[in-house]
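These notes concern the structure reproduced below.
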Amino acid sequence: MISPFSIRHQEVIYNKKLKVSFPKRLNKRIWMILERLNSEWIEYSDSGMNYPENTLNKTRELIKEVYGKDNLVANVEENKTELQQFIETTYPSKVLDVVEIYYYVMKQADIDLFCKKAEVTKTVNKAFEDERISWRLSEGKFYQIDYDFFIRDVTEKTYSILKEKGFEGACDEYTQAKKDFKEHNYKSSILNSCKSMESILKTILDIDEGNASYLLSKLKDSRFIEDLAEEYRGGFTSQVLMAVPFLRNKLGGHGQGNDRISVSVEYAELALNLSSSIILFLLQKYSLEEHKEDNFEDETLDDWDEDFDEEFNEEDFDVPF
């Protein structure tokens, strides 16, 4: 027997340590998804009799069994089914129960509903994504994601350093990428994430023009990654650092031909976080080189003495991030 969401989490829900909330229109949308993806098949009783069955009917009966209730609602409105009215009016945690039980019924069905299960997962998650609800269905169970983690940690660190170091253009583009993400403009977010990275490359390489591929080819031959073995530099710049430009070219508006590509939140979030990490890496390398120049530009051999090792220890070269 399945233990749906509200039963698995009943203690923390009861103690108000876990709160599930979303607008009633999402209840309605979930019902419409489940109704559209309803499947029918023939089942056989122990006596050999056959009878028609469907996902919605079995879901309703299993919910009653799990809750220990004869009815899901007191009075069913005209032109509505009992399950429909229950989904549209019940608490959010119970809506999650319904979806999980619906998925469980599909797994137990006498026919192969593999494609239907995948479609349920995809469309339910899309509905939650559209409403900015932090729950996702995976293998028939709901899990909470930290939907706003992208604006903390590495991204906030990147933003602060960009402002501090005076990379105004890159900072503006990075800020726009974050704004686009919050406003669900995922293609624009990917595009501006890449723009910010390219602006950093142009600044540290002192180059006015060039696309990502050209800029990274110049980075390969620069002093910034000379600590990396020469045989690795080409792969590092063309594969590792090209990840964000690749997403931009394929999903952010470039190279799509006649087909319009829909970009989901996960890819935009990936681009934003990848660009953050790459920008941080580039800024660290840039700052390290600047620090070296500051320490050595006025030095002569006459200035170096036996205390060199003490004066220029590793702490002098730490990047203050």
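Ligands are numbered from 1 in the order shown, chains are lettered A, B, ... in the order of the structure tokens, and residues start at 1 in each chain.
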**Message:** Using DSSP secondary structure from the backbone, list all alpha helix (DSSP H) positions within segment 190-251 of chain A, as a PyMOL selection string.
**Reply:** chain A and resi 190-205+212-220+230-235+243-251
**Prompt:** Counting only C-alpha atoms, what is within 7 Å of segment 17-30 of chain A, bar same-chain residues fewer than 3 positions away, as a ChimeraX atom specification?
**Reply:** /A:12-13,33-34,87-88,92-93,95,124,133
Just-selected residues, N, CA and C atoms written as a CSV table (one decimal), in the first residue's frame:
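Output contents, as saved in selection.csv:
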chain,number,residue,atom,x,y,z
A,12,VAL,N,5.6,16.6,10.5
A,12,VAL,CA,6.1,18.0,10.3
A,12,VAL,C,5.0,18.9,9.8
A,13,ILE,N,4.0,18.3,9.1
A,13,ILE,CA,2.9,19.1,8.6
A,13,ILE,C,2.0,19.5,9.8
A,33,ILE,N,-5.0,18.1,-15.9
A,33,ILE,CA,-4.0,17.2,-16.3
A,33,ILE,C,-4.3,15.7,-16.1
A,34,LEU,N,-4.7,15.4,-14.9
A,34,LEU,CA,-5.1,14.0,-14.6
A,34,LEU,C,-6.2,13.5,-15.4
A,87,ILE,N,-10.2,17.4,-5.6
A,87,ILE,CA,-8.9,18.0,-6.0
A,87,ILE,C,-9.0,19.5,-6.0
A,88,GLU,N,-10.1,20.0,-6.5
A,88,GLU,CA,-10.3,21.5,-6.7
A,88,GLU,C,-10.5,22.2,-5.4
A,92,PRO,N,-3.5,21.8,-0.3
A,92,PRO,CA,-2.4,21.5,-1.3
A,92,PRO,C,-1.7,20.2,-1.0
A,93,SER,N,-1.5,19.8,0.3
A,93,SER,CA,-0.8,18.6,0.6
A,93,SER,C,-1.6,17.4,0.1
A,95,VAL,N,-3.6,17.5,-2.5
A,95,VAL,CA,-3.4,17.5,-4.0
A,95,VAL,C,-2.2,16.7,-4.4
A,124,VAL,N,2.9,17.8,-14.8
A,124,VAL,CA,2.7,18.3,-13.5
A,124,VAL,C,3.8,19.2,-13.0
A,133,ILE,N,6.2,27.1,-7.7
A,133,ILE,CA,6.1,26.3,-6.6
A,133,ILE,C,7.2,25.3,-6.5
**Prompt:** Could you pull out all residues of segment 34-105 of chain A with a DSSP call of strand (DSSP E) and give them as a ChimeraX atom specification?
**Reply:** /A:40-44,50-54
Selection file, N, CA and C atoms, as a PDB file, in the first residue's frame:
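What landed in result_9.pdb:
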ATOM      1  N   GLU A  40      -7.662   3.896 -19.763  1.00  0.00           N
ATOM      2  CA  GLU A  40      -8.651   2.841 -19.545  1.00  0.00           C
ATOM      3  C   GLU A  40      -8.062   1.489 -19.925  1.00  0.00           C
ATOM      4  N   TRP A  41      -8.496   0.464 -19.225  1.00  0.00           N
ATOM      5  CA  TRP A  41      -8.049  -0.900 -19.529  1.00  0.00           C
ATOM      6  C   TRP A  41      -9.071  -1.891 -18.979  1.00  0.00           C
ATOM      7  N   ILE A  42      -8.854  -3.141 -19.261  1.00  0.00           N
ATOM      8  CA  ILE A  42      -9.736  -4.202 -18.786  1.00  0.00           C
ATOM      9  C   ILE A  42      -9.046  -4.968 -17.672  1.00  0.00           C
ATOM     10  N   GLU A  43      -9.752  -5.143 -16.558  1.00  0.00           N
ATOM     11  CA  GLU A  43      -9.241  -5.956 -15.456  1.00  0.00           C
ATOM     12  C   GLU A  43     -10.089  -7.215 -15.317  1.00  0.00           C
ATOM     13  N   TYR A  44      -9.515  -8.226 -14.667  1.00  0.00           N
ATOM     14  CA  TYR A  44     -10.196  -9.516 -14.513  1.00  0.00           C
ATOM     15  C   TYR A  44     -10.305  -9.856 -13.035  1.00  0.00           C
ATOM     16  N   ASN A  50     -14.450 -10.040 -16.511  1.00  0.00           N
ATOM     17  CA  ASN A  50     -13.683  -8.848 -16.861  1.00  0.00           C
ATOM     18  C   ASN A  50     -14.565  -7.603 -16.738  1.00  0.00           C
ATOM     19  N   TYR A  51     -13.931  -6.487 -16.471  1.00  0.00           N
ATOM     20  CA  TYR A  51     -14.657  -5.234 -16.305  1.00  0.00           C
ATOM     21  C   TYR A  51     -13.730  -4.078 -16.664  1.00  0.00           C
ATOM     22  N   PRO A  52     -14.317  -2.987 -17.139  1.00  0.00           N
ATOM     23  CA  PRO A  52     -13.485  -1.823 -17.512  1.00  0.00           C
ATOM     24  C   PRO A  52     -12.982  -1.094 -16.276  1.00  0.00           C
ATOM     25  N   GLU A  53     -11.786  -0.576 -16.353  1.00  0.00           N
ATOM     26  CA  GLU A  53     -11.201   0.197 -15.253  1.00  0.00           C
ATOM     27  C   GLU A  53     -10.450   1.383 -15.840  1.00  0.00           C
ATOM     28  N   ASN A  54     -10.232   2.404 -15.027  1.00  0.00           N
ATOM     29  CA  ASN A  54      -9.460   3.557 -15.489  1.00  0.00           C
ATOM     30  C   ASN A  54      -8.697   4.172 -14.331  1.00  0.00           C
TER      31      ASN A  54
END
**Message:** So that I can check the surroundings of segment 229-246 of chain A, please list as a ChimeraX atom specification every protein, DNA and RNA residue that reaches within 12 Å of it, counting only C-alpha atoms and ignoring chain neighbours fewer than 3 positions away.
**Reply:** /A:189-198,201,211-226,249-255,267-279,281-282
**Asked** Hey, can you check how far atom CA of Glu129 of chain A sits from atom CA of Leu37 of chain A?
**Response** 19.1 Å
**Exercise: segment 64-69 of chain A partners within 8 Å, only C-alpha atoms, chain neighbours under 3 positions left out, as a list in words** = Ile2, Ser3, Arg60, Glu61 and Leu72 of chain A
Same residues, N, CA and C atoms, saved as a compact mmCIF listing (two decimals), in the first residue's frame:
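Output below, filename out_26.txt:
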# COMPACT_ATOMS: atom_id res chain seq x y z
N ILE A 2 0.52 2.21 -0.79
CA ILE A 2 1.28 3.45 -0.89
C ILE A 2 1.05 4.33 0.34
N SER A 3 2.09 5.04 0.74
CA SER A 3 1.97 6.07 1.77
C SER A 3 2.20 7.41 1.07
N ARG A 60 -9.46 7.37 -7.11
CA ARG A 60 -10.48 7.77 -6.15
C ARG A 60 -10.67 6.71 -5.07
N GLU A 61 -10.80 5.45 -5.47
CA GLU A 61 -11.04 4.38 -4.51
C GLU A 61 -9.84 4.16 -3.60
N LEU A 72 -15.04 11.35 -0.26
CA LEU A 72 -14.00 12.38 -0.28
C LEU A 72 -14.59 13.76 -0.03
